[in-house]
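Novice: Structure file target.txt (compact mmCIF, C-alpha atoms) is given on the next line.
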```
# COMPACT_ATOMS: atom_id res chain seq x y z
CA MET A 1143 0.00 0.00 0.00
CA PRO A 1144 1.48 3.36 -0.97
CA GLU A 1145 1.77 6.24 1.48
CA HIS A 1146 -1.25 8.45 1.89
CA ILE A 1147 -0.49 11.91 0.52
CA ILE A 1148 -2.48 14.70 2.17
CA SER A 1149 -3.49 17.69 0.03
CA SER A 1150 -1.70 21.00 0.65
CA LYS A 1151 -5.11 22.64 1.08
CA LEU A 1152 -5.86 20.46 4.11
CA TYR A 1153 -2.44 21.22 5.60
CA ILE A 1154 -3.03 24.95 5.22
CA GLY A 1155 -6.52 24.57 6.70
CA ILE A 1156 -5.03 22.84 9.77
CA TRP A 1157 -2.40 25.57 10.04
CA ALA A 1158 -5.08 28.31 9.89
CA THR A 1159 -7.12 26.52 12.58
CA LEU A 1160 -4.04 26.24 14.81
CA MET A 1161 -3.29 29.97 14.37
CA CYS A 1162 -6.91 30.90 15.20
CA LEU A 1163 -6.87 28.70 18.32
CA THR A 1164 -3.61 30.39 19.43
CA VAL A 1165 -5.18 33.87 19.14
CA ILE A 1166 -8.34 32.66 20.93
CA THR A 1167 -6.46 31.07 23.84
CA ALA A 1168 -4.23 34.16 24.28
CA SER A 1169 -7.29 36.48 24.29
CA VAL A 1170 -9.41 34.36 26.62
CA ALA A 1171 -6.56 34.38 29.17
CA PHE A 1172 -7.38 38.03 29.99
CA ILE A 1173 -11.05 37.30 30.77
CA ASP A 1174 -11.83 36.15 34.31
CA LEU A 1175 -13.55 32.77 34.07
CA GLY A 1176 -12.61 31.70 37.61
CA PRO A 1177 -11.19 28.18 37.69
CA LEU A 1178 -12.36 27.67 34.11
CA ASN A 1179 -9.40 29.71 32.76
CA THR A 1180 -7.08 26.74 33.26
CA VAL A 1181 -9.64 24.29 31.84
CA VAL A 1182 -10.25 26.38 28.69
CA ALA A 1183 -6.49 26.89 28.11
CA LEU A 1184 -5.75 23.17 28.47
CA VAL A 1185 -8.73 22.09 26.33
CA ILE A 1186 -7.59 24.40 23.52
CA ALA A 1187 -3.99 23.14 23.89
CA THR A 1188 -5.21 19.53 23.66
CA LEU A 1189 -7.29 20.36 20.60
CA LYS A 1190 -4.20 21.89 18.95
CA ALA A 1191 -2.03 18.91 19.91
CA LEU A 1192 -4.66 16.56 18.50
CA LEU A 1193 -4.69 18.39 15.14
CA VAL A 1194 -0.89 18.24 14.95
CA VAL A 1195 -0.78 14.52 15.82
CA LEU A 1196 -3.62 13.44 13.52
CA PHE A 1197 -2.78 15.47 10.42
CA PHE A 1198 0.79 16.81 10.55
CA MET A 1199 2.09 13.56 12.04
CA HIS A 1200 -0.14 11.46 9.75
CA VAL A 1201 -1.59 9.33 12.56
CA LYS A 1202 -5.11 9.64 11.10
CA TYR A 1203 -3.90 7.95 7.91
CA THR A 1204 -1.55 5.32 9.25
CA SER A 1205 -2.53 1.68 8.87
CA GLU A 1206 -0.09 0.65 11.60
CA LYS A 1207 -2.10 -0.31 14.67
CA LEU A 1208 1.13 -0.78 16.65
CA THR A 1209 2.00 2.90 16.22
CA LYS A 1210 -1.43 3.93 17.50
CA MET A 1211 -1.04 1.61 20.47
CA VAL A 1212 2.32 3.18 21.39
CA ILE A 1213 0.75 6.66 21.30
CA VAL A 1214 -2.24 5.67 23.42
CA ALA A 1215 0.05 3.86 25.89
CA ALA A 1216 2.34 6.91 26.14
CA ILE A 1217 -0.59 9.22 26.91
CA PHE A 1218 -2.04 6.72 29.38
CA TRP A 1219 1.34 6.48 31.15
CA LEU A 1220 1.58 10.26 31.38
CA LEU A 1221 -1.92 10.44 32.87
CA ILE A 1222 -0.95 7.82 35.50
CA LEU A 1223 2.03 10.00 36.44
CA LEU A 1224 -0.02 13.19 36.63
CA PHE A 1225 -3.23 11.92 38.23
CA LEU A 1226 -1.78 9.62 40.89
CA SER A 1227 0.85 12.18 41.95
CA LEU A 1228 -1.66 15.04 42.07
CA ALA A 1229 -4.12 12.83 43.99
CA ASP A 1230 -1.36 12.35 46.57
CA TYR A 1231 -0.30 16.00 46.88
CA SER A 1232 -3.80 17.45 46.81
CA THR A 1233 -5.10 15.24 49.63
CA ARG A 1234 -2.19 15.49 52.10
CA GLY A 1235 -3.83 18.30 54.06
CA VAL A 1236 -7.04 16.31 54.35
CA ILE A 1237 -5.25 13.33 55.88
CA HIS A 1238 -3.31 15.48 58.39
CA ALA A 1239 -6.51 17.26 59.42
CA GLY A 1240 -8.21 13.93 60.05
CA MET A 1241 -5.34 12.64 62.19
CA SER A 1242 -5.00 15.61 64.50
CA MET B 1052 27.54 -22.90 -2.56
CA ALA B 1053 29.91 -20.20 -3.61
CA ASP B 1054 28.14 -20.04 -6.95
CA THR B 1055 24.74 -19.01 -5.61
CA PRO B 1056 24.64 -15.40 -4.50
CA LEU B 1057 23.21 -14.92 -1.02
CA MET B 1058 21.96 -11.45 -1.84
CA THR B 1059 18.89 -11.08 -3.99
CA GLU B 1060 18.05 -8.01 -5.98
CA HIS B 1061 15.88 -5.53 -4.18
CA GLU B 1062 14.76 -1.96 -4.35
CA GLU B 1063 17.34 0.73 -3.77
CA GLY B 1064 17.37 1.85 -0.12
CA LEU B 1065 15.65 -1.30 1.13
CA GLN B 1066 17.52 -2.97 3.99
CA HIS B 1067 17.63 -6.72 3.47
CA GLN B 1068 15.86 -7.56 6.75
CA PHE B 1069 12.62 -5.96 5.53
CA VAL B 1070 10.08 -7.48 3.15
CA ASP B 1071 9.31 -4.25 1.33
CA MET B 1072 9.64 -0.47 1.57
CA GLU B 1073 6.33 -0.09 3.40
CA GLN B 1074 7.40 -2.45 6.18
CA GLN B 1075 10.72 -0.62 6.47
CA ARG B 1076 8.94 2.74 6.69
CA ASN B 1077 6.49 1.50 9.32
CA ALA B 1078 9.29 0.01 11.42
CA ALA B 1079 11.20 3.31 11.39
CA SER B 1080 8.07 5.27 12.25
CA LEU B 1081 7.22 2.89 15.11
CA GLY B 1082 10.74 3.26 16.50
CA MET B 1083 10.42 7.05 16.40
CA TRP B 1084 7.08 6.94 18.19
CA LEU B 1085 8.63 4.76 20.91
CA PHE B 1086 11.36 7.37 21.34
CA LEU B 1087 8.72 10.10 21.50
CA ALA B 1088 6.90 8.09 24.20
CA THR B 1089 10.06 8.29 26.34
CA GLU B 1090 10.23 12.02 25.59
CA ILE B 1091 6.65 12.41 26.86
CA MET B 1092 7.77 10.91 30.17
CA PHE B 1093 10.91 13.11 30.15
CA PHE B 1094 8.89 16.31 29.83
CA GLY B 1095 6.05 14.80 31.90
CA GLY B 1096 8.17 14.88 35.06
CA MET B 1097 8.70 18.62 34.63
CA PHE B 1098 5.03 19.26 33.93
CA LEU B 1099 4.18 17.34 37.11
CA ALA B 1100 6.69 19.37 39.16
CA TYR B 1101 5.16 22.55 37.74
CA LEU B 1102 1.59 21.49 38.60
CA VAL B 1103 2.46 20.44 42.17
CA TYR B 1104 4.41 23.61 42.94
CA ARG B 1105 1.74 25.75 41.35
CA TYR B 1106 -0.79 24.05 43.63
CA TRP B 1107 1.40 24.78 46.68
CA TYR B 1108 2.49 28.33 45.83
CA TYR B 1109 -0.35 29.68 43.74
CA PRO B 1110 0.10 33.46 44.44
CA GLU B 1111 3.81 33.36 43.60
CA PHE B 1112 3.17 31.38 40.42
CA ALA B 1113 0.42 33.79 39.40
CA ALA B 1114 2.75 36.78 39.92
CA GLY B 1115 5.68 35.11 38.14
CA SER B 1116 3.48 34.12 35.22
CA ARG B 1117 2.25 37.69 34.80
CA SER B 1118 5.83 38.96 34.54
CA ILE B 1119 6.55 37.00 31.35
CA ASP B 1120 6.00 38.75 28.04
CA ILE B 1121 2.77 37.29 26.62
CA VAL B 1122 3.32 38.96 23.23
CA LEU B 1123 6.68 37.23 22.75
CA GLY B 1124 5.12 33.96 23.90
CA THR B 1125 2.23 34.21 21.44
CA VAL B 1126 4.50 35.21 18.56
CA ASN B 1127 6.74 32.25 19.35
CA THR B 1128 3.73 29.91 19.33
CA ALA B 1129 2.78 31.25 15.89
CA VAL B 1130 6.39 30.82 14.66
CA LEU B 1131 6.40 27.17 15.74
CA ILE B 1132 3.00 26.45 14.16
CA CYS B 1133 4.27 27.96 10.87
CA SER B 1134 7.39 25.79 11.10
CA SER B 1135 5.21 22.70 11.61
CA LEU B 1136 3.34 23.61 8.42
CA THR B 1137 6.58 23.92 6.44
CA VAL B 1138 7.70 20.54 7.82
CA ALA B 1139 4.39 18.90 6.87
CA LEU B 1140 4.58 20.40 3.36
CA GLY B 1141 8.24 19.33 3.21
CA VAL B 1142 7.34 15.70 3.90
CA LYS B 1143 4.75 15.95 1.13
CA ALA B 1144 7.37 17.38 -1.25
CA ALA B 1145 9.62 14.43 -0.38
CA GLN B 1146 6.78 11.98 -1.04
CA LEU B 1147 6.29 13.56 -4.46
CA GLY B 1148 10.04 13.74 -5.16
CA LYS B 1149 10.16 17.52 -5.52
CA ARG B 1150 13.76 18.13 -4.53
CA LYS B 1151 13.87 21.93 -4.83
CA THR B 1152 10.61 22.44 -2.93
CA LEU B 1153 11.84 20.09 -0.22
CA VAL B 1154 15.14 21.93 0.22
CA THR B 1155 13.37 25.32 0.30
CA LEU B 1156 10.82 24.16 2.89
CA LEU B 1157 13.55 22.61 5.06
CA LEU B 1158 15.52 25.87 4.94
CA ILE B 1159 12.43 27.89 5.93
CA THR B 1160 11.88 25.47 8.82
CA ILE B 1161 15.45 26.03 10.02
CA LEU B 1162 14.98 29.81 9.80
CA LEU B 1163 11.72 29.64 11.77
CA GLY B 1164 13.45 27.44 14.38
CA LEU B 1165 16.26 30.00 14.71
CA ALA B 1166 13.67 32.81 14.93
CA PHE B 1167 11.99 30.96 17.78
CA LEU B 1168 15.33 30.65 19.61
CA ALA B 1169 16.15 34.33 19.02
CA ILE B 1170 12.78 35.43 20.47
CA LYS B 1171 13.32 33.08 23.41
CA GLY B 1172 16.74 34.72 23.86
CA ILE B 1173 15.13 38.18 24.04
CA GLU B 1174 12.67 36.87 26.63
CA TRP B 1175 15.46 35.39 28.74
CA TYR B 1176 17.52 38.59 28.42
CA ASP B 1177 14.56 40.54 29.86
CA LYS B 1178 14.41 38.11 32.79
CA PHE B 1179 18.12 38.69 33.51
CA GLU B 1180 17.54 42.47 33.38
CA GLU B 1181 14.62 42.19 35.80
CA HIS B 1182 16.65 40.08 38.29
CA HIS B 1183 14.19 37.24 37.82
CA VAL B 1184 16.87 34.59 37.36
CA PRO B 1185 17.01 32.32 40.45
CA GLY B 1186 20.19 32.76 42.45
CA ARG B 1187 21.97 35.44 44.49
CA SER B 1188 20.82 38.39 42.41
CA PHE B 1189 17.19 37.26 42.39
CA SER B 1190 14.64 39.85 43.44
CA ALA B 1191 10.85 39.68 43.50
CA GLN B 1192 10.60 43.27 44.79
CA ASP B 1193 9.15 44.60 41.53
CA LEU B 1194 6.39 41.96 41.60
CA ILE B 1195 5.58 42.68 45.27
CA GLU B 1196 5.20 46.39 44.43
CA LYS B 1197 3.29 45.76 41.23
CA TYR B 1198 0.74 43.35 42.71
CA PRO B 1199 -0.07 44.56 46.24
CA GLN B 1200 -3.34 42.55 46.07
CA ILE B 1201 -1.51 39.23 46.27
CA HIS B 1202 0.83 38.13 49.02
CA ILE B 1203 4.12 37.21 47.38
CA ASP B 1204 6.92 35.34 49.15
CA PRO B 1205 10.22 35.77 47.22
CA ALA B 1206 11.48 32.21 47.92
CA PRO B 1207 8.67 30.28 46.15
CA THR B 1208 8.74 32.89 43.39
CA GLN B 1209 12.25 31.59 42.65
CA ILE B 1210 10.73 28.13 42.24
CA TYR B 1211 8.42 29.47 39.54
CA PHE B 1212 11.34 31.00 37.66
CA SER B 1213 13.50 27.88 38.19
CA LEU B 1214 10.79 25.82 36.51
CA TYR B 1215 10.29 28.47 33.83
CA PHE B 1216 13.99 28.34 32.91
CA ALA B 1217 14.22 24.55 33.21
CA MET B 1218 11.17 23.91 31.03
CA THR B 1219 11.80 26.56 28.37
CA GLY B 1220 15.51 25.64 28.50
CA LEU B 1221 14.88 21.94 27.93
CA HIS B 1222 12.47 22.84 25.13
CA ALA B 1223 15.02 25.24 23.60
CA LEU B 1224 17.65 22.46 23.76
CA HIS B 1225 15.27 20.25 21.77
CA MET B 1226 14.84 23.09 19.27
CA ILE B 1227 18.64 23.43 18.89
CA ILE B 1228 18.92 19.67 18.29
CA GLY B 1229 16.00 19.94 15.84
CA VAL B 1230 17.76 22.69 13.87
CA GLY B 1231 20.85 20.45 13.74
CA ILE B 1232 18.81 17.50 12.46
CA PHE B 1233 17.17 19.69 9.83
CA ALA B 1234 20.54 21.06 8.70
CA PHE B 1235 21.62 17.44 8.15
CA LEU B 1236 18.37 16.67 6.27
CA THR B 1237 18.72 19.79 4.12
CA TYR B 1238 22.22 18.82 3.06
CA HIS B 1239 21.15 15.32 2.03
CA ALA B 1240 17.96 16.57 0.39
CA TRP B 1241 20.05 19.02 -1.63
CA LYS B 1242 22.31 16.11 -2.63
CA GLY B 1243 19.18 14.36 -3.90
CA ARG B 1244 19.29 11.44 -1.48
CA TYR B 1245 15.57 11.40 -0.83
CA THR B 1246 13.16 9.96 -3.36
CA PRO B 1247 9.42 9.10 -3.34
CA GLU B 1248 10.53 5.53 -2.55
CA TYR B 1249 13.00 6.44 0.21
CA HIS B 1250 12.52 9.52 2.39
CA THR B 1251 12.23 7.97 5.87
CA PRO B 1252 14.69 10.45 7.47
CA ILE B 1253 12.46 13.37 6.39
CA GLU B 1254 9.39 11.65 7.83
CA ILE B 1255 11.17 10.76 11.12
CA GLY B 1256 12.77 14.21 11.48
CA GLY B 1257 9.32 15.68 10.85
CA LEU B 1258 7.82 13.61 13.67
CA TYR B 1259 10.49 14.95 16.02
CA TRP B 1260 9.84 18.55 14.98
CA HIS B 1261 6.07 18.23 15.42
CA PHE B 1262 6.59 16.66 18.85
CA VAL B 1263 8.70 19.61 20.00
CA ASP B 1264 5.92 21.86 18.69
CA ILE B 1265 3.36 19.96 20.80
CA VAL B 1266 5.49 20.35 23.94
CA TRP B 1267 5.42 24.11 23.32
CA ILE B 1268 1.65 24.00 22.71
CA TYR B 1269 1.34 22.86 26.36
CA LEU B 1270 4.14 25.03 27.80
CA PHE B 1271 2.54 28.17 26.37
CA PRO B 1272 -0.76 28.04 28.35
CA LEU B 1273 0.87 26.66 31.53
CA LEU B 1274 3.67 29.22 31.76
CA TYR B 1275 2.11 32.27 30.11
CA LEU B 1276 -1.69 32.08 30.11
CA ILE B 1277 -3.48 30.42 32.98
CA ASP B 1278 -2.71 33.04 35.64
CA ARG B 1279 -3.26 36.05 33.45
CA LYS B 1280 -6.86 36.99 34.37
CA PRO B 1281 -7.51 40.45 35.92
CA LEU B 1282 -6.82 40.73 39.66
CA LYS B 1283 -9.70 41.65 41.93
```
Let's see the structure in the file written out as C-alpha cells.
Specialist:
Amino acid sequence: MPEHIISSKLYIGIWATLMCLTVITASVAFIDLGPLNTVVALVIATLKALLVVLFFMHVKYTSEKLTKMVIVAAIFWLLILLFLSLADYSTRGVIHAGMS
Amino acid sequence: MADTPLMTEHEEGLQHQFVDMEQQRNAASLGMWLFLATEIMFFGGMFLAYLVYRYWYYPEFAAGSRSIDIVLGTVNTAVLICSSLTVALGVKAAQLGKRKTLVTLLLITILLGLAFLAIKGIEWYDKFEEHHVPGRSFSAQDLIEKYPQIHIDPAPTQIYFSLYFAMTGLHALHMIIGVGIFAFLTYHAWKGRYTPEYHTPIEIGGLYWHFVDIVWIYLFPLLYLIDRKPLK
C-alpha cells in the first residue's frame, strides 16, 4: 500500500485553525472565568495537539495499529504520572486534618 | 555454494531484513514513536513538578506568570505552528520527489526554528535584566510592588522561575537539536538522497519537529496564560 499523501489545502486549513486557536487562547486568558481559565487553556492546547498529531504527524492515515497503540500507551502512562501524583499531593492536608 | 549469491536483488534503499519499503517505513516510524513516548515521560516529570508547585504556591506562580511577556510567547507559538506547516509540506514534497521544494521548505523550517530561539533569547535577556533569574541576584521586589493585592513570598517565586527556565531551557535544547537534524536533512535533500521511494529520514525528522511543537503548545498556556486573568 502506498503512502497516503495529504493535500496541501488540508495542511493549510489545519495551520489556519491552529493559528486561530492560538489567538483565541491568548485572548481568553485576559477574561476572568474563575477556575475555568485553566480548563479552557488546556482544552484548547489539547485540541491543537490533536490536530498536529492526527494530520501533521499522519496518525489519522496510518494503517499501523502498533503505532497507535504506542501513542495511546504513552498518553495513558503520562496520565498515571499526573493523576496519581496530584491525587497524593492534593489530599495530604485532608489526611493530616483527620489525624490531628 | 559459492556459486549461488546470497543477496537477492531488491529496491534501492531497502535494507535486506525488511520485506518491502512499506514495512521498512512502518518500522522506522514505530521506532520514532517509541522514542517520543520516552520524551513524553521526560517532559512529563517537569510538567508534574510545575503542577504540584503551582498548587502549593499559587500566588507566587500567578505573579511570576504575569511577569513573562505574553506577546513574545504568542509570537513564538505562531512561529512554531508555521514551522510545523513547512515541515508537513516538506514531507509531502519528499513523497512527491520535488527536490527543490523540499530543500526550500527545510531551509524555511530552520529559519523559523532560529527565529523561535532568538525570540526566546530576548525573553530570557529581559528576565536577567529584571533580576528574575534564580540565584543570588534574584529579586521579587518589583512583583511585590506591582501586585499589592496578592501576598508574594520571594522564595517560592524563585521556584516558579527555576521551573520556567528549566522547562523553556529543555524545550530550547530540543529546538537546537531539531535545527541540527534539519541542517543534516537539508544537506542530504540538496544532494538528492531522498526519493518518493526512500525519504524515511524526512518523515522521522518531521515527527520529532512536530513533537517539540506539541510540547510548546502545552508550555505556552501553563507558563504564560493560565494566571493572566484580571486581579480583583
Novice: Return as a ChimeraX atom specification the residues belonging to chain A that are within 8 Å of chain B, counting all atoms listed in the file.
Specialist: /A:1143-1144,1147-1148,1150,1153-1154,1157,1160-1161,1164-1165,1167-1168,1171-1175,1179-1180,1183-1184,1187-1188,1190-1191,1194-1195,1198-1199,1206,1208-1209,1212-1213,1216-1217,1219-1220,1223-1224,1227-1228,1231-1232
Novice: Would you list the contacts of Asn1127 in chain B as a count of residues only, taking every protein, DNA or RNA residue within 9 Å and counting all atoms listed in the file, but skipping same-chain residues closer than 5 positions in sequence?
Specialist: 7
Novice: Would you work out the distance separating CA of Pro1177 in chain A from CA of Tyr1109 in chain B, expressed in Å to one decimal?
Specialist: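 Interatomic distance here is 12.5 Å.
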Novice: Suppose you want the space between CA of Thr1246 in chain B and CA of Gly1164 in chain B; what is it in Å?
Specialist: 24.9 Å
Novice: Could you please determine the separation between CA of Tyr1215 in chain B and CA of Thr1159 in chain A in Å, to one decimal place?
Specialist: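 Answer for the CA of Tyr1215 in chain B to CA of Thr1159 in chain A separation: 27.5 Å.
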Novice: Using all atoms listed in the file, determine which residues lie at most 12 Å from Ala1169 in chain B, disregarding the query and same-chain residues fewer than 6 positions distant; provide the list as a VMD selection string.
Specialist: chain B and resid 1123 1126 to 1127 1130 1162 to 1163 1175 to 1176 1223 1226 to 1227
Novice: Measuring atom to atom with all atoms listed in the file, identify which of B:Ala1191, B:Pro1252, B:Ala1113, B:Thr1237 is nearest to Thr1152 in chain B.
Specialist: B:Thr1237
Novice: Could you check which of B:Ile1159, B:Leu1065, B:Ala1114, B:Ala1079 is closest to Glu1196 in chain B, using only C-alpha atoms?
Specialist: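 Checking each of B:Ile1159, B:Leu1065, B:Ala1114, B:Ala1079 against Glu1196 in chain B, counting only C-alpha atoms, the winner is B:Ala1114.
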